[in-house]
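Engineer: Have a peek at final_0.txt (compact mmCIF, C-alpha atoms and all ligand atoms).
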```
# COMPACT_ATOMS: atom_id res chain seq x y z
CA MET A 133 97.52 85.08 112.41
CA SER A 134 97.33 88.85 111.99
CA VAL A 135 97.46 90.48 108.59
CA SER A 136 100.90 91.42 107.38
CA ALA A 137 101.74 94.64 105.57
CA LEU A 138 104.45 95.20 102.99
CA ALA A 139 106.71 97.91 104.39
CA TYR A 140 109.70 99.58 102.75
CA ILE A 141 112.52 100.69 105.05
CA GLY A 142 115.25 103.17 104.10
CA LEU A 143 118.75 102.42 105.45
CA GLY A 144 121.45 105.09 105.59
CA SER A 145 124.87 105.50 107.18
CA ASN A 146 127.82 107.87 106.87
CA MET A 147 129.75 107.16 110.07
CA GLY A 148 131.53 104.28 111.78
CA MET A 149 132.26 102.17 108.67
CA PRO A 150 128.98 102.59 106.77
CA MET A 151 129.09 99.26 104.91
CA GLN A 152 129.47 97.37 108.20
CA GLN A 153 126.63 99.43 109.67
CA LEU A 154 124.34 98.46 106.80
CA GLN A 155 125.33 94.81 107.11
CA ALA A 156 124.64 94.78 110.85
CA ALA A 157 121.28 96.47 110.16
CA TYR A 158 120.46 93.86 107.51
CA ILE A 159 121.09 91.08 110.05
CA ALA A 160 118.98 92.87 112.68
CA LEU A 161 116.11 93.45 110.24
CA ASN A 162 116.13 89.74 109.45
CA LYS A 163 115.49 89.06 113.14
CA LEU A 164 112.56 91.43 113.73
CA PRO A 165 109.67 89.71 115.53
CA GLY A 166 106.45 89.16 113.60
CA THR A 167 108.26 90.00 110.40
CA ARG A 168 109.48 88.16 107.33
CA PHE A 169 112.34 89.83 105.52
CA GLY A 170 111.60 90.50 101.84
CA GLU A 171 114.48 91.87 99.77
CA ILE A 172 117.40 94.25 100.03
CA SER A 173 118.20 96.67 97.19
CA ASN A 174 121.61 97.39 95.73
CA ILE A 175 123.76 99.68 97.89
CA TYR A 176 124.24 103.28 96.70
CA GLN A 177 126.79 105.94 97.58
CA SER A 178 125.71 109.58 97.45
CA ALA A 179 126.75 113.02 98.62
CA ALA A 180 125.09 114.07 101.86
CA VAL A 181 121.88 116.01 101.35
CA GLY A 182 121.41 118.82 103.86
CA PRO A 183 123.45 121.59 105.47
CA GLY A 184 127.10 121.40 106.53
CA ASN A 185 129.98 119.30 105.40
CA GLN A 186 129.66 115.59 106.10
CA PRO A 187 130.94 112.36 104.55
CA ASP A 188 129.11 110.62 101.70
CA TYR A 189 126.33 108.22 102.66
CA LEU A 190 125.68 104.60 101.82
CA ASN A 191 121.96 103.93 101.33
CA ALA A 192 119.70 100.99 100.58
CA VAL A 193 116.05 100.02 100.90
CA ALA A 194 114.68 96.79 102.39
CA SER A 195 111.20 95.35 102.05
CA LEU A 196 109.56 93.61 105.00
CA HIS A 197 106.34 91.67 105.43
CA THR A 198 105.39 92.64 108.94
CA GLU A 199 102.62 92.07 111.44
CA LEU A 200 104.02 94.86 113.63
CA ALA A 201 101.82 97.97 113.72
CA PRO A 202 103.61 101.07 112.37
CA GLU A 203 104.34 102.45 115.87
CA LYS A 204 105.75 99.08 116.99
CA LEU A 205 107.85 98.84 113.85
CA LEU A 206 109.18 102.36 114.46
CA LEU A 207 110.20 101.41 118.03
CA ALA A 208 111.89 98.24 116.80
CA LEU A 209 113.84 100.23 114.18
CA GLN A 210 114.86 102.83 116.75
CA ASN A 211 116.16 100.04 118.97
CA ILE A 212 118.35 98.80 116.12
CA GLU A 213 119.65 102.35 115.55
CA ILE A 214 120.47 102.70 119.24
CA ALA A 215 122.15 99.28 119.36
CA GLN A 216 124.39 100.52 116.54
CA GLY A 217 125.44 103.64 118.41
CA ARG A 218 122.99 106.19 117.03
CA THR A 219 122.67 109.36 119.03
CA ARG A 220 120.18 112.09 118.12
CA ASP A 221 122.08 115.25 118.91
CA LEU A 222 122.02 117.03 115.55
CA ARG A 223 118.94 116.98 113.30
CA TRP A 224 120.78 116.84 109.97
CA GLY A 225 124.06 115.51 111.39
CA ALA A 226 126.16 112.52 110.38
CA ARG A 227 124.85 109.21 111.67
CA THR A 228 125.99 105.64 112.20
CA LEU A 229 122.60 104.31 111.16
CA ASP A 230 119.30 105.77 110.06
CA LEU A 231 116.30 103.49 109.53
CA ASP A 232 113.19 105.16 108.13
CA ILE A 233 109.77 103.70 107.42
CA LEU A 234 109.22 104.90 103.84
CA LEU A 235 105.98 103.08 103.09
CA TYR A 236 103.68 100.80 105.05
CA GLY A 237 101.20 99.23 102.65
CA ASP A 238 98.89 101.95 101.40
CA LEU A 239 98.77 103.63 104.78
CA GLN A 240 98.95 107.42 105.05
CA ILE A 241 99.51 108.69 108.60
CA ARG A 242 100.78 111.88 110.15
CA THR A 243 101.45 111.94 113.90
CA PRO A 244 104.15 113.88 115.80
CA ASP A 245 106.33 110.73 115.78
CA LEU A 246 105.55 109.20 112.44
CA VAL A 247 104.83 110.43 108.94
CA ILE A 248 104.08 107.71 106.35
CA PRO A 249 104.78 107.90 103.44
CA HIS A 250 108.08 109.47 104.44
CA ALA A 251 107.73 113.18 103.64
CA GLU A 252 111.07 113.73 101.86
CA MET A 253 111.44 110.53 99.91
CA TYR A 254 109.96 111.75 96.61
CA ARG A 255 112.84 114.21 96.17
CA ARG A 256 115.68 111.91 97.20
CA SER A 257 117.60 109.87 94.65
CA PHE A 258 119.16 107.83 97.48
CA VAL A 259 115.65 106.57 98.32
CA LEU A 260 114.08 106.37 94.85
CA PHE A 261 116.97 104.46 93.20
CA PRO A 262 116.95 101.58 95.70
CA LEU A 263 113.13 101.54 95.79
CA PHE A 264 113.19 101.14 92.00
CA ASP A 265 115.47 98.07 92.39
CA LEU A 266 112.82 96.40 94.54
CA ASN A 267 109.66 97.50 92.74
CA PRO A 268 109.98 99.47 89.46
CA ALA A 269 106.18 99.50 89.03
CA LEU A 270 105.58 100.97 92.50
CA VAL A 271 102.61 103.32 92.83
CA PHE A 272 102.52 105.52 95.93
CA PRO A 273 99.40 105.87 98.12
CA ASP A 274 98.66 109.23 96.44
CA GLY A 275 98.43 107.48 93.06
CA LYS A 276 101.71 108.89 91.66
CA ASN A 277 104.23 106.39 90.42
CA LEU A 278 107.88 105.92 91.26
CA ARG A 279 108.98 106.12 87.64
CA SER A 280 107.63 109.66 87.18
CA HIS A 281 109.24 110.90 90.42
CA LEU A 282 112.54 109.41 89.26
CA GLU A 283 112.34 111.32 85.99
CA SER A 284 112.12 114.67 87.77
CA ILE A 285 114.97 114.44 90.32
CA ASP A 286 118.68 115.24 90.20
CA LYS A 287 120.66 112.03 89.66
CA SER A 288 124.16 113.51 89.50
CA SER A 289 125.72 112.61 92.83
CA ILE A 290 124.68 108.99 93.23
CA SER A 291 126.38 105.76 92.17
CA MET A 292 125.96 102.07 92.91
CA SER A 293 128.53 100.97 95.44
CA CYS A 294 127.75 97.26 95.78
CA SER A 295 125.15 94.90 94.31
CA ALA A 296 122.52 93.39 96.60
CA GLU A 297 123.97 89.94 95.86
CA ALA A 298 127.52 90.91 96.85
CA PHE A 299 126.16 92.67 99.94
CA ILE A 300 124.28 89.56 101.08
CA ASN A 301 127.26 87.28 100.41
CA THR A 302 129.65 89.29 102.55
CA CYS A 303 127.04 89.19 105.32
CA SER A 304 126.89 85.43 105.67
N1 LIG B 1 121.99 112.34 102.54
C1 LIG B 1 122.19 111.18 101.90
N2 LIG B 1 122.84 111.18 100.73
N3 LIG B 1 121.73 110.00 102.41
C2 LIG B 1 121.05 109.95 103.60
O1 LIG B 1 120.65 108.87 104.05
C3 LIG B 1 120.83 111.17 104.28
N4 LIG B 1 120.13 111.18 105.46
C4 LIG B 1 119.88 112.31 106.09
C5 LIG B 1 120.32 113.66 105.57
C6 LIG B 1 121.16 114.37 106.63
C7 LIG B 1 119.09 114.47 105.26
N5 LIG B 1 121.11 113.54 104.37
C8 LIG B 1 121.31 112.36 103.72
O2 LIG B 1 119.19 112.28 107.22
```
Represent the structure contained in this file as structure tokens.
Structural biologist:
Amino acid sequence: MSVSALAYIGLGSNMGMPMQQLQAAYIALNKLPGTRFGEISNIYQSAAVGPGNQPDYLNAVASLHTELAPEKLLLALQNIEIAQGRTRDLRWGARTLDLDILLYGDLQIRTPDLVIPHAEMYRRSFVLFPLFDLNPALVFPDGKNLRSHLESIDKSSISMSCSAEAFINTCS
């Protein structure tokens, strides 16, 4: 058996019934090959970060124990996005489903296709809040901890929309 890594995946949606999008993604993530699903965070609603006017997002983070190499995991996540109607026309545009690899063990990589840890996550409450649900003692590969990043970000436009438990129950 190959070694499995603990990966954290960011889920986001602000189009096409976002809660249903996250639920479909949760089901798909539970079926990834070579992967055991860990936990899902609570679900958070937040104003869209980035230019233009777009609807609020729903966000969550999932943990996975995966034997898939980072590039294979990325492809598998992109296939789930595509299956849920994702098109990549506008860089910061609204999206049915966004799945980002936030962390993959202690790995630090930077290729044209993949940057791990995810470059923007330290500034984003919609990533740090759900990560905190899953692992409040998390230390990033650069040695900084989640708690100190959380202290320094703006927390004004985020609220919990649904508990992880309620989310899982409506899925089954
Ligand atoms: N804003 C929020 N609140 N949540 C997201 O998931 C999200 N994703 C994005 C951009 C457009 C940067 N803004 C976001 O890709």
Engineer: Measuring atom to atom with only C-alpha atoms and all ligand atoms, identify which of A:Leu164, A:Ile175, A:Leu266, A:Ala208 is nearest to ligand LIG 1 (chain B).
Structural biologist: A:Ile175
Engineer: Could you report the residues within 12 Å of ligand LIG 1 (chain B), using all atoms listed in the file, as a count of residues only?
Structural biologist: 57
Engineer: Quick one: of A:Tyr158, A:Thr219, A:Val247, A:Leu207, who's nearest to Ala194 (chain A), counting only C-alpha atoms?
Structural biologist: A:Tyr158
Engineer: What is the CA of Ser284 (chain A) to CA of His197 (chain A) distance in Å?
Structural biologist: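 Answer for the CA of Ser284 (chain A) to CA of His197 (chain A) separation: 29.6 Å.
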Engineer: One decimal, in Å: what's the spacing between CA of Ile159 (chain A) and CA of Phe272 (chain A)?
Structural biologist: 27.4 Å
Engineer: Rounded to one decimal, what separation in Å do you get between CA of Leu205 (chain A) and CA of Ser280 (chain A)?
Structural biologist: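 A separation of 28.8 Å between them.
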Engineer: Could you put an axis-aligned box around every listed atom of region 293-300 of chain A, padded by 6 Å on each side, and send me its centre and edge lengths in Å to one decimal, as AutoDock Vina command-line options?
Structural biologist:
```
--center_x 125.5 --center_y 95.3 --center_z 97.7 --size_x 18.0 --size_y 23.4 --size_z 18.8
```
Engineer: Tell me which protein, DNA and RNA residues are within 12 Å of Ile300 (chain A), counting all atoms listed in the file, leaving out same-chain ones fewer than 3 positions away, and put them as an MDAnalysis selection string.
Structural biologist: chainID A and resid 151:152 154:159 162 171:175 294:297 303:304
Engineer: Could you check which of A:Ile285, A:Ile214, A:Leu270, A:Leu209 is closest to Asp238 (chain A), using only C-alpha atoms?
Structural biologist: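 Of A:Ile285, A:Ile214, A:Leu270, A:Leu209, the one nearest Asp238 (chain A), counting only C-alpha atoms, is A:Leu270.
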Engineer: Between A:Leu206, A:Ala137, A:Ala215, A:Ala201, which residue has the minimum interatomic distance to Gln153 (chain A), considering only C-alpha atoms?
Structural biologist: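 Using only C-alpha atoms, the shortest distance to Gln153 (chain A) belongs to A:Ala215.
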Engineer: I'd like to know which of A:Gly217, A:Pro273, A:Arg279, A:Pro202 is closest to Asp245 (chain A), using only C-alpha atoms.
Structural biologist: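 Checking each of A:Gly217, A:Pro273, A:Arg279, A:Pro202 against Asp245 (chain A), counting only C-alpha atoms, the winner is A:Pro202.
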